[in-house]
file structure_21.txt (compact mmCIF, C-alpha atoms)
# COMPACT_ATOMS: atom_id res chain seq x y z
CA MET P 298 -12.81 -25.81 -8.48
CA LYS P 299 -10.04 -23.47 -9.59
CA LYS P 300 -11.28 -20.69 -7.31
CA HIS P 301 -10.29 -22.82 -4.30
CA ILE P 302 -6.67 -23.36 -5.41
CA PRO P 303 -5.21 -20.05 -4.08
CA ASN P 304 -6.95 -20.38 -0.71
CA THR P 305 -5.78 -23.99 -0.41
CA LEU P 306 -2.21 -22.85 -0.95
CA THR P 307 -2.72 -20.12 1.66
CA ILE P 308 -3.95 -22.73 4.15
CA CYS P 309 -0.80 -24.76 3.42
CA ASN P 310 1.22 -21.63 4.24
CA LEU P 311 -0.65 -21.25 7.53
CA LEU P 312 -0.13 -24.92 8.47
CA CYS P 313 3.60 -24.60 7.76
CA GLY P 314 3.68 -21.79 10.30
CA VAL P 315 1.69 -23.78 12.86
CA PHE P 316 3.94 -26.83 12.52
CA SER P 317 7.02 -24.60 12.74
CA VAL P 318 5.83 -23.20 16.08
CA VAL P 319 5.07 -26.69 17.42
CA ILE P 320 8.43 -28.10 16.35
CA SER P 321 10.40 -25.19 17.82
CA THR P 322 8.66 -25.15 21.21
CA THR P 323 7.86 -28.76 22.16
CA GLN P 324 9.70 -32.02 22.83
CA PHE P 325 9.81 -32.59 19.07
CA LYS P 326 12.17 -29.62 18.84
CA SER P 327 14.24 -29.20 15.69
CA LEU P 328 15.01 -25.59 14.91
CA GLU P 329 16.39 -26.45 11.48
CA LEU P 330 13.11 -28.14 10.55
CA ALA P 331 11.14 -25.25 12.04
CA VAL P 332 13.08 -22.85 9.81
CA ALA P 333 12.59 -25.11 6.78
CA LEU P 334 8.83 -24.96 7.37
CA ILE P 335 8.97 -21.14 7.29
CA PHE P 336 10.64 -21.36 3.89
CA CYS P 337 7.99 -23.83 2.74
CA GLY P 338 5.37 -21.36 3.91
CA ALA P 339 7.08 -18.64 1.89
CA VAL P 340 6.85 -20.82 -1.23
CA PHE P 341 3.13 -21.38 -0.67
CA ASP P 342 2.74 -17.64 0.02
CA PHE P 343 4.28 -16.85 -3.37
CA PHE P 344 2.20 -19.34 -5.31
CA ASP P 345 -1.15 -18.49 -3.72
CA GLY P 346 -0.94 -14.93 -5.04
CA PHE P 347 0.58 -16.10 -8.32
CA SER P 348 -2.19 -18.66 -8.89
CA ALA P 349 -4.90 -16.16 -7.94
CA ARG P 350 -3.64 -13.74 -10.60
CA LEU P 351 -3.06 -16.47 -13.16
CA LEU P 352 -6.51 -17.99 -12.70
CA LYS P 353 -8.15 -14.58 -12.19
CA VAL P 354 -9.85 -15.71 -9.00
CA ALA P 355 -8.51 -13.14 -6.53
CA SER P 356 -11.04 -12.40 -3.80
CA PRO P 357 -11.36 -10.27 -0.65
CA ILE P 358 -11.48 -13.37 1.55
CA GLY P 359 -8.28 -14.60 -0.05
CA LYS P 360 -6.55 -11.34 0.82
CA GLU P 361 -7.65 -11.52 4.45
CA LEU P 362 -6.80 -15.22 4.73
CA ASP P 363 -3.35 -14.51 3.31
CA SER P 364 -2.66 -11.95 6.05
CA LEU P 365 -3.80 -14.37 8.76
CA ALA P 366 -1.52 -17.08 7.38
CA ASP P 367 1.40 -14.65 7.11
CA LEU P 368 0.92 -13.62 10.73
CA ILE P 369 1.44 -17.23 11.83
CA THR P 370 4.24 -18.18 9.44
CA PHE P 371 6.16 -14.90 9.34
CA GLY P 372 5.22 -13.52 12.76
CA PHE P 373 4.51 -16.22 15.32
CA ALA P 374 6.91 -18.86 13.94
CA PRO P 375 10.10 -16.71 13.87
CA ALA P 376 9.21 -15.33 17.32
CA ALA P 377 8.94 -18.88 18.66
CA ILE P 378 12.28 -19.85 17.11
CA THR P 379 13.98 -16.76 18.55
CA SER P 380 12.46 -17.42 21.98
CA SER P 381 13.70 -21.01 21.80
CA LEU P 382 17.22 -19.82 20.87
CA ILE P 383 17.25 -17.52 23.89
CA PHE P 384 16.02 -20.31 26.17
CA ASP P 385 18.73 -22.63 24.87
CA SER P 386 21.35 -19.92 25.37
CA LEU P 387 20.25 -19.38 28.97
CA TYR P 388 19.71 -22.99 30.00
CA GLY P 389 21.14 -25.16 27.25
CA GLY P 390 17.67 -26.55 26.63
CA GLN P 391 18.08 -28.77 29.68
CA LEU P 392 16.07 -26.94 32.34
CA THR P 393 13.75 -29.24 34.28
CA ASP P 394 13.03 -27.25 37.45
CA TYR P 395 10.83 -24.47 36.10
CA ASP P 396 10.30 -23.06 39.60
CA ASN P 397 13.86 -21.72 39.50
CA ILE P 398 13.44 -19.61 36.39
CA SER P 399 14.08 -15.98 37.25
CA THR P 400 11.77 -13.16 36.22
CA TYR P 401 14.70 -11.72 34.25
CA ALA P 402 15.14 -14.96 32.30
CA LEU P 403 11.41 -15.17 31.62
CA ALA P 404 11.40 -11.61 30.30
CA LEU P 405 14.33 -12.34 27.98
CA THR P 406 12.73 -15.56 26.75
CA PHE P 407 9.28 -14.17 26.01
CA PHE P 408 10.26 -10.74 24.71
CA PRO P 409 10.67 -12.00 21.08
CA TYR P 410 6.89 -12.44 20.86
CA ILE P 411 6.73 -8.69 20.38
CA ILE P 412 7.39 -9.64 16.75
CA VAL P 413 3.90 -11.14 16.57
CA ALA P 414 2.24 -7.90 17.66
CA PHE P 415 4.19 -5.72 15.25
CA SER P 416 3.74 -8.22 12.40
CA ALA P 417 -0.03 -8.03 12.93
CA LEU P 418 0.13 -4.24 12.79
CA ARG P 419 2.36 -4.38 9.72
CA LEU P 420 0.00 -6.70 7.86
CA ALA P 421 -3.06 -4.64 8.76
CA LYS P 422 -1.36 -1.48 7.49
CA PHE P 423 -0.27 -3.25 4.31
CA ASN P 424 -3.84 -4.26 3.48
CA LEU P 425 -4.95 -0.63 3.65
CA ASP P 426 -1.90 1.07 2.15
CA THR P 427 -2.27 1.73 -1.58
CA ARG P 428 1.38 2.85 -1.85
CA GLN P 429 2.73 -0.70 -1.66
CA ALA P 430 1.67 -2.14 -4.99
CA HIS P 431 5.21 -2.42 -6.43
CA SER P 432 7.41 -1.76 -3.38
CA PHE P 433 7.14 -1.82 0.40
CA ILE P 434 6.85 0.79 3.12
CA GLY P 435 8.54 -0.77 6.11
CA LEU P 436 10.19 -4.18 6.39
CA PRO P 437 8.13 -7.03 4.85
CA THR P 438 7.19 -9.78 7.30
CA PRO P 439 8.85 -12.58 5.25
CA ALA P 440 12.20 -10.72 5.31
CA ASN P 441 11.85 -10.20 9.06
CA ALA P 442 11.01 -13.88 9.53
CA ILE P 443 14.02 -15.05 7.51
CA PHE P 444 16.34 -12.76 9.48
CA PHE P 445 15.42 -14.21 12.86
CA ALA P 446 14.96 -17.79 11.68
CA SER P 447 18.45 -17.69 10.14
CA PHE P 448 20.03 -17.48 13.60
CA ALA P 449 19.26 -21.18 13.93
CA PHE P 450 21.92 -21.87 11.28
CA LEU P 451 24.66 -19.80 12.90
CA PRO P 452 27.34 -21.52 15.02
CA ASP P 453 26.63 -21.67 18.75
CA ILE P 454 27.32 -18.24 20.18
CA ASP P 455 28.68 -18.62 23.71
CA LEU P 456 28.08 -15.08 24.94
CA GLU P 457 26.20 -14.10 28.07
CA ILE P 458 24.79 -11.07 26.29
CA PHE P 459 23.55 -13.10 23.28
CA PRO P 460 19.93 -13.25 24.60
CA ILE P 461 20.00 -9.48 25.17
CA ILE P 462 21.35 -8.91 21.65
CA LEU P 463 18.52 -10.99 20.20
CA ASP P 464 15.91 -9.09 22.20
CA VAL P 465 17.33 -5.74 21.10
CA LEU P 466 17.20 -6.95 17.48
CA CYS P 467 13.58 -8.01 18.03
CA LEU P 468 12.73 -4.48 19.12
CA VAL P 469 14.67 -2.81 16.28
CA PHE P 470 13.22 -5.05 13.57
CA SER P 471 9.71 -4.78 15.02
CA LEU P 472 9.97 -1.02 14.63
CA LEU P 473 11.25 -1.50 11.08
CA LEU P 474 8.11 -3.51 10.29
CA VAL P 475 5.88 -0.50 10.91
CA SER P 476 8.34 2.19 9.82
CA GLU P 477 7.87 4.54 6.87
CA ILE P 478 11.18 3.46 5.32
CA PRO P 479 10.78 2.47 1.63
CA MET P 480 11.96 -1.08 0.88
CA PHE P 481 12.33 -2.43 -2.64
CA SER P 482 10.46 -5.55 -3.70
CA LEU P 483 11.62 -8.29 -6.06
CA LYS P 484 8.66 -7.75 -8.37
CA PHE P 485 10.06 -6.94 -11.82
CA GLN P 486 8.01 -4.68 -14.09
CA ASN P 487 10.66 -5.26 -16.77
CA TYR P 488 14.15 -6.76 -16.85
CA SER P 489 16.29 -3.80 -17.88
CA TRP P 490 19.36 -3.08 -15.76
CA ALA P 491 18.57 0.64 -15.58
CA ASP P 492 15.19 0.07 -13.94
CA ASN P 493 16.27 -2.81 -11.71
CA LYS P 494 19.84 -2.07 -10.62
CA ILE P 495 19.00 -2.50 -6.94
CA ARG P 496 17.16 -5.79 -7.51
CA PHE P 497 19.84 -7.32 -9.72
CA SER P 498 22.58 -6.17 -7.33
CA PHE P 499 20.80 -7.74 -4.40
CA LEU P 500 20.21 -11.02 -6.23
CA ILE P 501 23.84 -11.22 -7.39
CA CYS P 502 25.14 -10.57 -3.88
CA THR P 503 22.68 -13.12 -2.49
CA VAL P 504 23.89 -15.85 -4.84
CA ILE P 505 27.54 -15.11 -4.02
CA LEU P 506 26.96 -15.07 -0.25
CA LEU P 507 24.95 -18.31 -0.34
CA ALA P 508 27.64 -19.98 -2.45
CA ILE P 509 30.33 -19.03 0.05
CA PHE P 510 28.58 -19.24 3.42
CA LYS P 511 25.58 -21.47 2.64
CA LEU P 512 22.59 -20.96 4.95
CA GLN P 513 24.71 -19.05 7.46
CA ALA P 514 24.62 -16.18 4.98
CA LEU P 515 20.89 -15.57 5.45
CA THR P 516 21.34 -13.20 8.38
CA GLY P 517 23.75 -11.03 6.42
CA ILE P 518 21.57 -11.17 3.32
CA MET P 519 18.62 -9.70 5.20
CA VAL P 520 20.84 -6.94 6.62
CA LEU P 521 22.07 -6.30 3.07
CA TYR P 522 18.46 -5.99 1.90
CA ILE P 523 17.78 -3.28 4.47
CA VAL P 524 21.02 -1.42 3.72
CA LEU P 525 20.42 -1.48 -0.04
CA SER P 526 16.85 -0.25 0.50
CA LEU P 527 18.15 2.69 2.54
CA VAL P 528 20.81 3.46 -0.08
CA ASP P 529 18.26 3.22 -2.90
CA ASP P 530 15.88 5.55 -1.08
CA PHE P 531 18.70 8.05 -0.41
CA VAL P 532 19.86 8.00 -4.04
CA ASN P 533 16.32 8.41 -5.37
CA LYS P 534 15.75 11.43 -3.14
CA LYS P 535 18.96 12.99 -4.47
CA THR P 536 18.20 12.52 -8.16
CA PRO P 537 17.35 15.70 -10.13
CA ASP P 538 13.75 14.58 -10.70
CA ASN P 539 13.17 14.56 -6.95
CA LEU P 540 14.85 17.87 -6.17
CA GLU P 541 12.81 21.01 -5.95
call {"tool": "encode", "arguments": {"input": "structure_21.txt", "output": "structure tokens"}}
result
Amino acid sequence: MKKHIPNTLTICNLLCGVFSVVISTTQFKSLELAVALIFCGAVFDFFDGFSARLLKVASPIGKELDSLADLITFGFAPAAITSSLIFDSLYGGQLTDYDNISTYALALTFFPYIIVAFSALRLAKFNLDTRQAHSFIGLPTPANAIFFASFAFLPDIDLEIFPIILDVLCLVFSLLLVSEIPMFSLKFQNYSWADNKIRFSFLICTVILLAIFKLQALTGIMVLYIVLSLVDDFVNKKTPDNLE
């Protein structure tokens, strides 16, 4: 029985992603609920791996299933939310005559689904990359998902170039997903400040930003994560142990 617990949690993660896509793209639309489902998926994603290690029932099928679930929840779902935000920005969510949609508007609206393709590539590389046991190479899909989903909590941005900005960010972050840039993880090997300065700094800043700006801080928190990863990588390369 216990061997099925991690995979059941992974399926729950996948279903959260599926429901998020449905809720962000149909008449049931609620972007806030769609984002909440991504966070629920992230919780299930954490506990499926945690339970597999705790119960010592990790399996190859569990690893593959986890990647498939992550592709839906952290790839397809945020792409659907971003596409919906662009559509709302262009048409206010009130378009009824679909024959009048321009090719330009269609391109802007569907471009965010590039995230799905790069998330799939990212997850496939992760499964084969032995360097990512305690840190990441490239932007993790959950961080990417949170970044784009968090736009649903920002105030309405009445700018004509807002859809273009979102599409440019989709391209930039898609490239970050498959980049060779080291990114720190929140997996603690111990709890000393010396070994975890970057993690503790990030968590402290995250708590402060959430306390001040609530959920609107999520976009900035994900940018902070990337910046701190770049700084950490630069500092590590400059330390005496890494100099020839």
call {"tool": "closest_residue", "arguments": {"input": "structure_21.txt", "among": "P:Phe344, P:Phe408, P:Phe531, P:Phe510", "to": "P:Pro452", "atoms": "only C-alpha atoms"}}
result
P:Phe510
call {"tool": "residues_around", "arguments": {"input": "structure_21.txt", "residues": "stretch 346-362 of chain P", "least_positions_apart": "6", "cutoff": "7 Å", "atoms": "only C-alpha atoms", "output": "CSV table (one decimal) with C-alpha atoms, keeping the file's coordinate frame"}}
result
chain,number,residue,atom,x,y,z
P,300,LYS,CA,-11.3,-20.7,-7.3
P,303,PRO,CA,-5.2,-20.0,-4.1
P,304,ASN,CA,-7.0,-20.4,-0.7
call {"tool": "residues_around", "arguments": {"input": "structure_21.txt", "residues": "P:Gly314", "least_positions_apart": "3", "cutoff": "10 Å", "atoms": "all atoms listed in the file", "output": "short mmCIF file (atom, residue, chain, number, x, y, z; two decimals) with C-alpha atoms, in the coordinates of the input"}}
result
data_model
loop_
_atom_site.label_atom_id
_atom_site.label_comp_id
_atom_site.auth_asym_id
_atom_site.auth_seq_id
_atom_site.Cartn_x
_atom_site.Cartn_y
_atom_site.Cartn_z
CA ILE P 308 -3.95 -22.73 4.15
CA CYS P 309 -0.80 -24.76 3.42
CA ASN P 310 1.22 -21.63 4.24
CA LEU P 311 -0.65 -21.25 7.53
CA SER P 317 7.02 -24.60 12.74
CA VAL P 318 5.83 -23.20 16.08
CA VAL P 319 5.07 -26.69 17.42
CA ILE P 320 8.43 -28.10 16.35
CA ALA P 331 11.14 -25.25 12.04
CA VAL P 332 13.08 -22.85 9.81
CA LEU P 334 8.83 -24.96 7.37
CA ILE P 335 8.97 -21.14 7.29
CA PHE P 336 10.64 -21.36 3.89
CA CYS P 337 7.99 -23.83 2.74
CA GLY P 338 5.37 -21.36 3.91
CA ALA P 339 7.08 -18.64 1.89
CA ALA P 366 -1.52 -17.08 7.38
CA ASP P 367 1.40 -14.65 7.11
CA LEU P 368 0.92 -13.62 10.73
CA ILE P 369 1.44 -17.23 11.83
CA THR P 370 4.24 -18.18 9.44
CA PHE P 371 6.16 -14.90 9.34
CA GLY P 372 5.22 -13.52 12.76
CA PHE P 373 4.51 -16.22 15.32
CA ALA P 374 6.91 -18.86 13.94
CA PRO P 375 10.10 -16.71 13.87
#
call {"tool": "residues_around", "arguments": {"input": "structure_21.txt", "residues": "P:Gln513", "least_positions_apart": "3", "cutoff": "7 Å", "atoms": "only C-alpha atoms", "output": "count of residues only"}}
result
5
call {"tool": "closest_residue", "arguments": {"input": "structure_21.txt", "among": "P:Gln324, P:Ile501, P:Ser416, P:Ile495", "to": "P:Val532", "atoms": "only C-alpha atoms"}}
result
P:Ile495
call {"tool": "decode", "arguments": {"input": "structure_21.txt", "residues": "stretch 478-503 of chain P", "atoms": "N, CA and C atoms", "output": "PDB file, in the first residue's frame"}}
result
ATOM      1  N   ILE P 478      23.134  28.212 -16.374  1.00  0.00           N
ATOM      2  CA  ILE P 478      23.343  29.084 -15.217  1.00  0.00           C
ATOM      3  C   ILE P 478      23.027  28.324 -13.922  1.00  0.00           C
ATOM      4  N   PRO P 479      23.969  28.238 -12.985  1.00  0.00           N
ATOM      5  CA  PRO P 479      23.695  27.558 -11.708  1.00  0.00           C
ATOM      6  C   PRO P 479      22.660  28.329 -10.886  1.00  0.00           C
ATOM      7  N   MET P 480      21.709  27.620 -10.335  1.00  0.00           N
ATOM      8  CA  MET P 480      20.679  28.206  -9.472  1.00  0.00           C
ATOM      9  C   MET P 480      20.658  27.423  -8.158  1.00  0.00           C
ATOM     10  N   PHE P 481      20.644  28.135  -7.041  1.00  0.00           N
ATOM     11  CA  PHE P 481      20.656  27.437  -5.757  1.00  0.00           C
ATOM     12  C   PHE P 481      19.284  26.820  -5.473  1.00  0.00           C
ATOM     13  N   SER P 482      19.296  25.736  -4.734  1.00  0.00           N
ATOM     14  CA  SER P 482      18.048  25.108  -4.299  1.00  0.00           C
ATOM     15  C   SER P 482      17.837  25.419  -2.815  1.00  0.00           C
ATOM     16  N   LEU P 483      16.653  25.110  -2.321  1.00  0.00           N
ATOM     17  CA  LEU P 483      16.348  25.324  -0.911  1.00  0.00           C
ATOM     18  C   LEU P 483      16.494  24.037  -0.105  1.00  0.00           C
ATOM     19  N   LYS P 484      17.261  23.092  -0.657  1.00  0.00           N
ATOM     20  CA  LYS P 484      17.569  21.873   0.081  1.00  0.00           C
ATOM     21  C   LYS P 484      18.763  22.127   1.007  1.00  0.00           C
ATOM     22  N   PHE P 485      18.538  22.016   2.304  1.00  0.00           N
ATOM     23  CA  PHE P 485      19.581  22.272   3.291  1.00  0.00           C
ATOM     24  C   PHE P 485      20.295  20.963   3.637  1.00  0.00           C
ATOM     25  N   GLN P 486      21.620  20.960   3.473  1.00  0.00           N
ATOM     26  CA  GLN P 486      22.422  19.829   3.928  1.00  0.00           C
ATOM     27  C   GLN P 486      22.726  19.960   5.421  1.00  0.00           C
ATOM     28  N   ASN P 487      22.791  21.209   5.876  1.00  0.00           N
ATOM     29  CA  ASN P 487      22.906  21.532   7.303  1.00  0.00           C
ATOM     30  C   ASN P 487      22.308  22.922   7.476  1.00  0.00           C
ATOM     31  N   TYR P 488      22.315  23.446   8.683  1.00  0.00           N
ATOM     32  CA  TYR P 488      21.646  24.726   8.923  1.00  0.00           C
ATOM     33  C   TYR P 488      22.605  25.812   9.402  1.00  0.00           C
ATOM     34  N   SER P 489      23.879  25.660   9.088  1.00  0.00           N
ATOM     35  CA  SER P 489      24.847  26.692   9.466  1.00  0.00           C
ATOM     36  C   SER P 489      24.729  27.880   8.512  1.00  0.00           C
ATOM     37  N   TRP P 490      24.954  29.069   9.058  1.00  0.00           N
ATOM     38  CA  TRP P 490      24.880  30.289   8.242  1.00  0.00           C
ATOM     39  C   TRP P 490      25.959  30.280   7.167  1.00  0.00           C
ATOM     40  N   ALA P 491      27.154  29.826   7.511  1.00  0.00           N
ATOM     41  CA  ALA P 491      28.273  29.869   6.570  1.00  0.00           C
ATOM     42  C   ALA P 491      27.988  29.073   5.298  1.00  0.00           C
ATOM     43  N   ASP P 492      27.323  27.938   5.454  1.00  0.00           N
ATOM     44  CA  ASP P 492      27.056  27.077   4.302  1.00  0.00           C
ATOM     45  C   ASP P 492      25.755  27.429   3.580  1.00  0.00           C
ATOM     46  N   ASN P 493      24.936  28.268   4.199  1.00  0.00           N
ATOM     47  CA  ASN P 493      23.606  28.538   3.626  1.00  0.00           C
ATOM     48  C   ASN P 493      23.267  30.021   3.591  1.00  0.00           C
ATOM     49  N   LYS P 494      24.294  30.864   3.458  1.00  0.00           N
ATOM     50  CA  LYS P 494      24.039  32.315   3.455  1.00  0.00           C
ATOM     51  C   LYS P 494      23.026  32.702   2.392  1.00  0.00           C
ATOM     52  N   ILE P 495      23.192  32.159   1.190  1.00  0.00           N
ATOM     53  CA  ILE P 495      22.323  32.547   0.084  1.00  0.00           C
ATOM     54  C   ILE P 495      20.886  32.085   0.320  1.00  0.00           C
ATOM     55  N   ARG P 496      20.727  30.915   0.912  1.00  0.00           N
ATOM     56  CA  ARG P 496      19.378  30.381   1.178  1.00  0.00           C
ATOM     57  C   ARG P 496      18.685  31.180   2.268  1.00  0.00           C
ATOM     58  N   PHE P 497      19.409  31.418   3.369  1.00  0.00           N
ATOM     59  CA  PHE P 497      18.809  32.184   4.460  1.00  0.00           C
ATOM     60  C   PHE P 497      18.494  33.614   4.018  1.00  0.00           C
ATOM     61  N   SER P 498      19.372  34.211   3.247  1.00  0.00           N
ATOM     62  CA  SER P 498      19.142  35.576   2.758  1.00  0.00           C
ATOM     63  C   SER P 498      17.887  35.639   1.901  1.00  0.00           C
ATOM     64  N   PHE P 499      17.757  34.652   1.030  1.00  0.00           N
ATOM     65  CA  PHE P 499      16.581  34.611   0.157  1.00  0.00           C
ATOM     66  C   PHE P 499      15.303  34.433   0.974  1.00  0.00           C
ATOM     67  N   LEU P 500      15.328  33.518   1.941  1.00  0.00           N
ATOM     68  CA  LEU P 500      14.131  33.271   2.741  1.00  0.00           C
ATOM     69  C   LEU P 500      13.748  34.485   3.579  1.00  0.00           C
ATOM     70  N   ILE P 501      14.745  35.176   4.127  1.00  0.00           N
ATOM     71  CA  ILE P 501      14.471  36.384   4.925  1.00  0.00           C
ATOM     72  C   ILE P 501      13.846  37.463   4.050  1.00  0.00           C
ATOM     73  N   CYS P 502      14.433  37.682   2.882  1.00  0.00           N
ATOM     74  CA  CYS P 502      13.894  38.688   1.956  1.00  0.00           C
ATOM     75  C   CYS P 502      12.485  38.309   1.506  1.00  0.00           C
ATOM     76  N   THR P 503      12.258  37.015   1.292  1.00  0.00           N
ATOM     77  CA  THR P 503      10.942  36.555   0.861  1.00  0.00           C
ATOM     78  C   THR P 503       9.879  36.853   1.908  1.00  0.00           C
TER      79      THR P 503
END
